[in-house]
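Novice: What follows is target39.cif, made up of mmCIF, C-alpha atoms:
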```cif
data_entry
loop_
_atom_site.label_atom_id
_atom_site.label_comp_id
_atom_site.auth_asym_id
_atom_site.auth_seq_id
_atom_site.Cartn_x
_atom_site.Cartn_y
_atom_site.Cartn_z
CA MET V 622 18.63 -15.37 14.10
CA LYS V 623 18.78 -11.57 14.15
CA ILE V 624 20.66 -9.55 11.56
CA ASP V 625 21.56 -5.92 12.24
CA ILE V 626 20.92 -3.53 9.38
CA LEU V 627 22.22 -0.07 10.29
CA GLY V 628 20.97 -0.26 13.86
CA VAL V 629 17.71 -2.15 13.29
CA SER V 630 17.73 -5.91 14.00
CA PHE V 631 15.73 -8.08 11.62
CA ASP V 632 14.55 -11.67 11.99
CA ASN V 633 16.09 -13.62 9.12
CA LEU V 634 12.99 -15.50 7.98
CA THR V 635 11.22 -16.42 4.78
CA LEU V 636 7.65 -15.17 4.37
CA GLU V 637 6.30 -18.59 5.38
CA GLU V 638 8.53 -18.70 8.46
CA ALA V 639 7.48 -15.18 9.44
CA ILE V 640 3.81 -16.07 9.15
CA GLU V 641 4.26 -19.12 11.37
CA ALA V 642 6.19 -17.02 13.90
CA GLY V 643 3.35 -14.50 13.90
CA LEU V 644 0.73 -17.18 14.40
CA ALA V 645 2.74 -18.68 17.24
CA LEU V 646 2.63 -15.29 18.99
CA ALA V 647 -1.10 -14.96 18.26
CA ARG V 648 -1.72 -18.36 19.86
CA GLY V 649 0.50 -17.63 22.84
CA LYS V 650 -0.26 -16.43 26.33
CA GLN V 651 1.89 -13.31 26.32
CA GLU V 652 -0.04 -10.06 26.02
CA GLY V 653 1.25 -7.12 24.02
CA ALA V 654 3.85 -8.79 21.78
CA TYR V 655 4.18 -6.78 18.59
CA ALA V 656 5.57 -7.13 15.10
CA VAL V 657 7.10 -4.38 12.98
CA THR V 658 7.74 -4.25 9.25
CA PRO V 659 10.56 -1.74 8.66
CA ASN V 660 11.31 -0.42 5.19
CA PRO V 661 14.30 1.78 4.30
CA GLU V 662 12.49 4.91 5.48
CA PHE V 663 12.08 3.36 8.94
CA ILE V 664 15.81 2.69 9.15
CA LEU V 665 16.70 6.21 8.08
CA ASP V 666 14.29 7.73 10.61
CA ALA V 667 15.46 5.41 13.41
CA ARG V 668 19.01 6.72 12.94
CA LYS V 669 17.80 10.17 14.06
CA ASN V 670 14.95 9.20 16.41
CA GLU V 671 16.13 7.18 19.41
CA THR V 672 12.60 6.57 20.71
CA PHE V 673 11.61 5.11 17.36
CA ARG V 674 14.73 2.92 17.28
CA LEU V 675 13.95 1.60 20.76
CA ASP V 676 10.34 0.91 19.82
CA LEU V 677 11.55 -1.10 16.82
CA SER V 678 14.05 -2.98 18.98
CA GLY V 679 11.28 -3.93 21.42
CA ALA V 680 9.36 -5.88 18.79
CA ALA V 681 8.95 -9.62 19.16
CA LEU V 682 9.16 -9.95 15.37
CA THR V 683 10.88 -7.66 12.86
CA ILE V 684 10.50 -8.41 9.16
CA PRO V 685 11.90 -6.51 6.14
CA ASP V 686 9.26 -4.66 4.13
CA GLY V 687 11.16 -3.07 1.28
CA ILE V 688 13.64 -4.15 -1.38
CA GLY V 689 16.04 -1.46 -0.15
CA VAL V 690 16.46 -3.35 3.13
CA ILE V 691 17.38 -6.49 1.20
CA TYR V 692 19.94 -4.62 -0.90
CA ALA V 693 21.44 -2.95 2.18
CA ALA V 694 21.77 -6.35 3.88
CA LYS V 695 23.66 -7.69 0.85
CA VAL V 696 25.97 -4.65 0.80
CA LEU V 697 26.71 -5.22 4.50
CA GLY V 698 27.59 -8.85 3.81
CA THR V 699 24.74 -10.13 5.97
CA PRO V 700 22.05 -11.12 3.46
CA LEU V 701 18.47 -11.71 4.54
CA LYS V 702 16.40 -14.58 3.18
CA GLY V 703 14.11 -12.22 1.31
CA LYS V 704 11.66 -9.34 1.36
CA THR V 705 8.62 -9.95 3.54
CA PRO V 706 5.94 -7.38 2.67
CA GLY V 707 3.79 -6.54 5.67
CA ILE V 708 0.59 -6.93 3.68
CA ASP V 709 1.59 -10.47 2.59
CA PHE V 710 2.55 -11.31 6.15
CA ALA V 711 -0.86 -10.06 7.32
CA ALA V 712 -2.63 -12.12 4.65
CA GLY V 713 -0.90 -15.29 5.80
CA VAL V 714 -1.63 -14.57 9.45
CA MET V 715 -5.31 -13.98 8.68
CA ALA V 716 -5.54 -17.23 6.72
CA GLY V 717 -4.18 -19.07 9.74
CA MET V 718 -6.41 -17.16 12.14
CA ALA V 719 -9.48 -18.12 10.12
CA LYS V 720 -8.64 -21.80 10.55
CA GLU V 721 -8.16 -21.42 14.30
CA SER V 722 -11.09 -19.10 15.09
CA LEU V 723 -8.82 -16.31 16.31
CA ARG V 724 -10.18 -12.78 16.63
CA LEU V 725 -8.91 -9.68 14.81
CA TYR V 726 -9.27 -5.98 15.67
CA LEU V 727 -8.57 -3.28 13.07
CA LEU V 728 -7.19 0.08 14.18
CA GLY V 729 -6.40 2.98 11.87
CA ALA V 730 -7.18 4.80 8.61
CA LYS V 731 -9.92 7.35 7.98
CA PRO V 732 -13.42 6.90 9.46
CA GLY V 733 -15.30 4.14 7.67
CA VAL V 734 -12.25 2.50 6.10
CA ALA V 735 -11.66 -0.07 8.86
CA GLU V 736 -15.33 -1.11 8.75
CA LEU V 737 -15.15 -1.68 5.01
CA ALA V 738 -11.84 -3.51 5.36
CA GLY V 739 -13.34 -5.75 8.04
CA LYS V 740 -16.26 -6.74 5.82
CA ASN V 741 -13.95 -7.49 2.91
CA LEU V 742 -11.56 -9.54 5.04
CA MET V 743 -14.29 -11.68 6.59
CA GLY V 744 -15.53 -12.41 3.06
CA ARG V 745 -12.03 -13.25 1.86
CA TYR V 746 -11.14 -15.43 4.85
CA PRO V 747 -14.20 -17.45 5.88
CA GLY V 748 -13.99 -18.20 9.59
CA LEU V 749 -12.10 -14.98 10.40
CA THR V 750 -13.80 -12.88 13.09
CA VAL V 751 -13.24 -9.13 12.98
CA CYS V 752 -14.30 -8.35 16.52
CA GLY V 753 -13.96 -4.56 16.39
CA VAL V 754 -12.67 -1.54 14.50
CA HIS V 755 -11.60 2.02 15.28
CA ASP V 756 -10.31 4.75 12.97
CA GLY V 757 -6.91 6.34 13.41
CA TYR V 758 -8.21 9.74 14.46
CA PHE V 759 -7.85 9.79 18.22
CA MET V 760 -5.80 11.72 20.75
CA GLU V 761 -3.08 10.13 22.88
CA GLU V 762 -5.15 10.78 26.00
CA GLU V 763 -7.85 8.52 24.53
CA SER V 764 -5.44 5.59 24.18
CA ALA V 765 -6.21 4.02 27.57
CA ALA V 766 -9.93 3.90 26.79
CA LEU V 767 -9.21 2.55 23.31
CA ALA V 768 -6.96 -0.16 24.71
CA ALA V 769 -9.69 -1.10 27.18
CA GLU V 770 -12.17 -1.32 24.30
CA ILE V 771 -9.85 -3.68 22.44
CA ARG V 772 -9.42 -5.80 25.58
CA GLU V 773 -13.21 -5.98 25.92
CA SER V 774 -13.43 -7.25 22.32
CA GLN V 775 -11.19 -10.21 23.27
CA ALA V 776 -9.04 -9.67 20.20
CA ASP V 777 -6.16 -12.09 19.72
CA VAL V 778 -4.51 -9.91 17.07
CA VAL V 779 -4.65 -6.17 16.36
CA PHE V 780 -3.58 -4.60 13.08
CA VAL V 781 -2.33 -1.13 14.03
CA CYS V 782 -2.37 1.05 10.92
CA LEU V 783 -1.40 4.51 12.11
CA GLY V 784 1.77 5.07 10.10
CA ALA V 785 5.31 5.14 11.46
CA PRO V 786 6.50 6.05 14.01
CA LYS V 787 3.08 6.56 15.65
CA GLN V 788 1.98 2.93 15.30
CA GLU V 789 5.22 1.57 16.78
CA ARG V 790 5.05 4.03 19.69
CA TRP V 791 1.41 3.06 20.33
CA MET V 792 2.11 -0.68 20.28
CA ALA V 793 5.10 -0.31 22.60
CA ALA V 794 3.22 1.93 25.02
CA HIS V 795 -0.25 0.39 24.99
CA GLY V 796 0.00 -3.07 23.44
CA ALA V 797 -0.10 -4.96 26.74
CA GLU V 798 -3.15 -2.94 27.85
CA THR V 799 -5.15 -4.31 24.90
CA GLY V 800 -4.87 -7.91 26.10
CA ALA V 801 -4.10 -8.98 22.52
CA HIS V 802 -1.37 -11.55 22.02
CA LEU V 803 -0.03 -9.95 18.84
CA LEU V 804 -0.16 -6.43 17.44
CA VAL V 805 1.16 -5.72 13.95
CA GLY V 806 2.14 -2.30 12.57
CA LEU V 807 0.86 -2.18 9.00
CA GLY V 808 0.84 1.44 7.84
CA GLY V 809 -1.69 2.00 5.05
CA SER V 810 -2.75 -1.63 4.67
CA LEU V 811 -6.34 -1.01 5.75
CA ASP V 812 -6.87 1.15 2.66
CA VAL V 813 -5.72 -1.76 0.50
CA PHE V 814 -7.92 -4.23 2.39
CA ALA V 815 -10.86 -1.84 2.00
CA GLY V 816 -10.21 -1.45 -1.71
CA THR V 817 -9.80 2.33 -1.52
CA VAL V 818 -6.12 2.09 -2.58
CA ASP V 819 -4.72 -0.31 -5.17
CA ARG V 820 -1.63 -2.36 -4.47
CA ALA V 821 1.08 -2.53 -7.14
CA PRO V 822 0.42 -5.23 -9.76
CA ALA V 823 2.19 -8.55 -9.26
CA GLY V 824 4.80 -7.80 -11.93
CA TRP V 825 5.89 -4.61 -10.15
CA GLN V 826 6.00 -6.51 -6.86
CA LYS V 827 8.19 -9.25 -8.33
CA LEU V 828 10.67 -6.66 -9.60
CA GLY V 829 10.77 -4.89 -6.23
CA LEU V 830 9.24 -1.75 -7.75
CA GLU V 831 6.23 -1.26 -5.51
CA TRP V 832 7.82 2.00 -4.33
CA LEU V 833 7.93 3.28 -7.93
CA TYR V 834 4.32 2.28 -8.57
CA ARG V 835 3.28 4.16 -5.45
CA LEU V 836 5.30 7.19 -6.51
CA CYS V 837 3.57 7.16 -9.90
CA LYS V 838 0.20 7.08 -8.15
CA GLU V 839 1.18 9.62 -5.47
CA PRO V 840 3.83 11.90 -7.01
CA TRP V 841 3.72 14.26 -4.02
CA ARG V 842 5.74 11.62 -2.14
CA TRP V 843 8.87 12.36 -4.18
CA LYS V 844 10.58 14.27 -1.36
CA ARG V 845 10.30 11.20 0.88
CA MET V 846 11.24 8.73 -1.85
CA ILE V 847 14.36 10.65 -2.88
CA ARG V 848 15.91 9.86 0.53
CA LEU V 849 15.67 6.12 0.12
CA PRO V 850 18.95 5.51 -1.81
CA LEU V 851 20.69 6.88 1.29
CA ILE V 852 20.30 3.48 2.93
CA LEU V 853 22.71 1.97 0.39
CA TRP V 854 25.20 4.80 0.94
CA TYR V 855 25.10 4.23 4.71
CA ALA V 856 25.47 0.48 4.15
CA LEU V 857 28.55 1.09 2.01
CA LEU V 858 30.02 3.34 4.70
CA ALA V 859 29.29 0.74 7.36
CA ARG V 860 30.84 -2.08 5.30
CA PHE V 861 33.92 -0.33 4.00
CA GLY V 862 34.27 2.69 6.29
CA GLY V 863 34.18 0.77 9.57
CA LYS V 864 30.99 2.39 10.83
CA LYS V 865 27.77 0.68 11.80
CA ARG V 866 25.44 3.66 11.95
CA GLY V 867 27.14 6.28 9.78
#
```
Just give me the structure as structure tokens.

Specialist:
Amino acid sequence: MKIDILGVSFDNLTLEEAIEAGLALARGKQEGAYAVTPNPEFILDARKNETFRLDLSGAALTIPDGIGVIYAAKVLGTPLKGKTPGIDFAAGVMAGMAKESLRLYLLGAKPGVAELAGKNLMGRYPGLTVCGVHDGYFMEEESAALAAEIRESQADVVFVCLGAPKQERWMAAHGAETGAHLLVGLGGSLDVFAGTVDRAPAGWQKLGLEWLYRLCKEPWRWKRMIRLPLILWYALLARFGGKKRG
């Protein structure tokens, strides 16, 4: 079941259901299916960027990564089952992949980060094969060659960590060329997997305050963070002002 949140349609799934849906795509025969993990910033940007909105709408799986999305859904009167952080979704998918001998390719981050992440992940998930890595510093004209490299690696799943909206545009445009069954846009997750960036402690996560923890660690993000309450304002307008997209 899809639920529309200010122009972006989300799959109404628990974390466990989302992981199983992701694994089903990874096991499947379709090439180029992709999953996106929109947070409030995605929704705000998609309202102004039609290409980004279309790339999000083309995803086979859309899960809510951000407590603001959950609050907006409640304001709209169409509650979602719960927040599904992309990094937790990825962890569950990798655990399943390790049991089924599926192959993972890591794309994104600064040079050297994906390699370190791959080593850590294979240690954390015995049986997981990281079949290739590439940093996020490449030109669009190199995408065809990169997709061919991923196809040659026989990856079942690709974690595309280029940041939004670049990662969504790349998956939509080149996902099928990779031959992978599932691509997942995961922003800065490779830095967390590599251990170069700390994730918010569990207590902050439980309270839905990962955004605040990140702001404390990276205060230069305040200009981006200050926009985020807008999603609740737009949800209120949509619910009580008769508008869906403000």

Novice: To test your reading of the syntax: which residues would the PyMOL selection byres ((chain V and resi 779) around 12) return for the file shown? Reply as a ChimeraX atom specification.

Specialist: /V:643,646-647,652-656,711,714-715,718,723-729,735,750-755,768,770-772,774-778,780-783,788,791-792,795-797,799-807,811

Novice: Could you state the separation of CA of Thr672 in chain V and CA of Pro786 in chain V in Å, given to one decimal place?

Specialist: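 The value is 9.1 Å.
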
Novice: Return the single residue from V:Pro685, V:Glu798, V:Pro706, V:Val734 that is closest to Gln651 in chain V, with distances computed using only C-alpha atoms.

Specialist: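 Closest to Gln651 in chain V, using only C-alpha atoms: V:Glu798.
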
Novice: Around range 737-750 of chain V, with edges along x, y and z and 3 Å added on all six sides, what centre and edge lengths do you get, in Å to one decimal, as lines of an AutoDock Vina configuration file?

Specialist:
```
center_x = -13.7
center_y = -9.9
center_z = 7.5
size_x = 11.1
size_y = 22.5
size_z = 17.2
```

Novice: Using all atoms listed in the file, which protein or nucleic acid residues come within 9 Å of Leu665 in chain V? Drop anything in the same chain fewer than 5 positions from it, and give the result as an MDAnalysis selection string.

Specialist: chainID V and resid 627 848:849 851:852

Novice: Rounded to one decimal place, report the CA of Leu701 in chain V-CA of Phe631 in chain V distance in Å.

Specialist: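 Value for the CA of Leu701 in chain V-CA of Phe631 in chain V distance: 8.4 Å.
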
Novice: Give me, as a PyMOL selection string, all polymer residues having an atom no more than 10 Å from range 688-695 of chain V, counting only C-alpha atoms and skipping those fewer than 5 positions away in the same chain.

Specialist: chain V and resi 624-627+631+659-664+700-706+826+828-832+849-857+860

Novice: Using CA of Gly707 in chain V and CA of Leu767 in chain V as the two end points, give the distance in Å to one decimal.

Specialist: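 According to the coordinates, CA of Gly707 in chain V and CA of Leu767 in chain V are separated by 23.7 Å.
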
Novice: Within 10 Å of (4.7, -16.4, 13.1) (file coordinates; all atoms listed in the file), which protein or nucleic acid residues are there? I'd like them as a VMD selection string.

Specialist: chain V and resid 634 636 to 648 656 682 710 713 to 714 717 803

Novice: Rank nothing, just name the residue among V:Asp709, V:Asp812, V:Asp676, V:Glu763 nearest to Ala738 in chain V, using only C-alpha atoms.

Specialist: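 Smallest separation from Ala738 in chain V among the options: V:Asp812.
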
Novice: Compare V:Lys720, V:Arg820, V:Arg745, V:Lys787 by their minimum atom-to-atom distance to Ile708 in chain V, counting only C-alpha atoms, and give me the closest one.

Specialist: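 Checking each of V:Lys720, V:Arg820, V:Arg745, V:Lys787 against Ile708 in chain V, counting only C-alpha atoms, the winner is V:Arg820.
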
Novice: Restricting the calculation to all atoms listed in the file: of V:Met743, V:Leu697, V:Ala785, V:Leu749, which residue gets closest to Val657 in chain V?

Specialist: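 So, comparing all the options, the nearest one is V:Ala785.
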
Novice: Hey, could you patch up range 724-735 of chain V with all heavy atoms and hand it over as a compact mmCIF listing (two decimals), in the coordinates of the input?

Specialist:
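Result file is out_23.txt:
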```
# COMPACT_ATOMS: atom_id res chain seq x y z
N ARG V 724 -9.41 -14.02 16.80
CA ARG V 724 -10.18 -12.78 16.63
C ARG V 724 -9.24 -11.61 16.29
O ARG V 724 -8.17 -11.46 16.87
CB ARG V 724 -10.95 -12.47 17.91
CG ARG V 724 -11.99 -13.54 18.24
CD ARG V 724 -12.48 -13.47 19.69
NE ARG V 724 -13.23 -12.25 19.96
CZ ARG V 724 -14.53 -12.08 19.71
NH1 ARG V 724 -15.21 -13.09 19.15
NH2 ARG V 724 -15.14 -10.97 20.00
N LEU V 725 -9.71 -10.77 15.34
CA LEU V 725 -8.91 -9.68 14.81
C LEU V 725 -9.59 -8.34 15.06
O LEU V 725 -10.80 -8.20 14.83
CB LEU V 725 -8.69 -9.87 13.30
CG LEU V 725 -7.97 -8.75 12.54
CD1 LEU V 725 -6.52 -8.63 13.00
CD2 LEU V 725 -8.03 -9.02 11.03
N TYR V 726 -8.79 -7.35 15.50
CA TYR V 726 -9.27 -5.98 15.67
C TYR V 726 -8.49 -5.10 14.70
O TYR V 726 -7.27 -5.26 14.55
CB TYR V 726 -9.04 -5.51 17.11
CG TYR V 726 -9.74 -4.22 17.47
CD1 TYR V 726 -10.92 -4.23 18.23
CD2 TYR V 726 -9.22 -2.98 17.10
CE1 TYR V 726 -11.56 -3.05 18.58
CE2 TYR V 726 -9.86 -1.80 17.43
CZ TYR V 726 -11.03 -1.84 18.17
OH TYR V 726 -11.66 -0.67 18.52
N LEU V 727 -9.19 -4.16 14.05
CA LEU V 727 -8.57 -3.28 13.07
C LEU V 727 -8.55 -1.85 13.60
O LEU V 727 -9.60 -1.29 13.92
CB LEU V 727 -9.35 -3.32 11.74
CG LEU V 727 -9.51 -4.70 11.10
CD1 LEU V 727 -10.37 -4.60 9.85
CD2 LEU V 727 -8.15 -5.31 10.76
N LEU V 728 -7.36 -1.26 13.65
CA LEU V 728 -7.19 0.08 14.18
C LEU V 728 -6.45 0.94 13.16
O LEU V 728 -5.32 0.61 12.76
CB LEU V 728 -6.40 0.03 15.49
CG LEU V 728 -5.94 1.36 16.10
CD1 LEU V 728 -7.14 2.26 16.42
CD2 LEU V 728 -5.11 1.12 17.36
N GLY V 729 -7.09 2.05 12.74
CA GLY V 729 -6.40 2.98 11.87
C GLY V 729 -7.22 3.44 10.69
O GLY V 729 -8.41 3.09 10.54
N ALA V 730 -6.61 4.25 9.84
CA ALA V 730 -7.18 4.80 8.61
C ALA V 730 -8.27 5.84 8.91
O ALA V 730 -8.58 6.14 10.07
CB ALA V 730 -7.70 3.70 7.70
N LYS V 731 -8.86 6.35 7.85
CA LYS V 731 -9.92 7.35 7.98
C LYS V 731 -11.22 6.69 8.44
O LYS V 731 -11.40 5.48 8.29
CB LYS V 731 -10.15 8.05 6.64
CG LYS V 731 -8.97 8.87 6.15
CD LYS V 731 -9.27 9.50 4.79
CE LYS V 731 -8.09 10.33 4.31
NZ LYS V 731 -8.35 10.93 2.96
N PRO V 732 -12.14 7.48 9.03
CA PRO V 732 -13.42 6.90 9.46
C PRO V 732 -14.11 6.15 8.32
O PRO V 732 -14.18 6.62 7.19
CB PRO V 732 -14.22 8.14 9.88
CG PRO V 732 -13.18 9.12 10.33
CD PRO V 732 -12.02 8.91 9.40
N GLY V 733 -14.58 4.96 8.63
CA GLY V 733 -15.30 4.14 7.67
C GLY V 733 -14.43 3.14 6.94
O GLY V 733 -14.94 2.12 6.45
N VAL V 734 -13.13 3.39 6.86
CA VAL V 734 -12.25 2.50 6.10
C VAL V 734 -12.08 1.16 6.80
O VAL V 734 -12.14 0.09 6.18
CB VAL V 734 -10.88 3.16 5.85
CG1 VAL V 734 -9.90 2.16 5.23
CG2 VAL V 734 -11.03 4.37 4.95
N ALA V 735 -11.86 1.19 8.12
CA ALA V 735 -11.66 -0.07 8.86
C ALA V 735 -12.91 -0.94 8.80
O ALA V 735 -12.80 -2.17 8.69
CB ALA V 735 -11.28 0.23 10.31
```
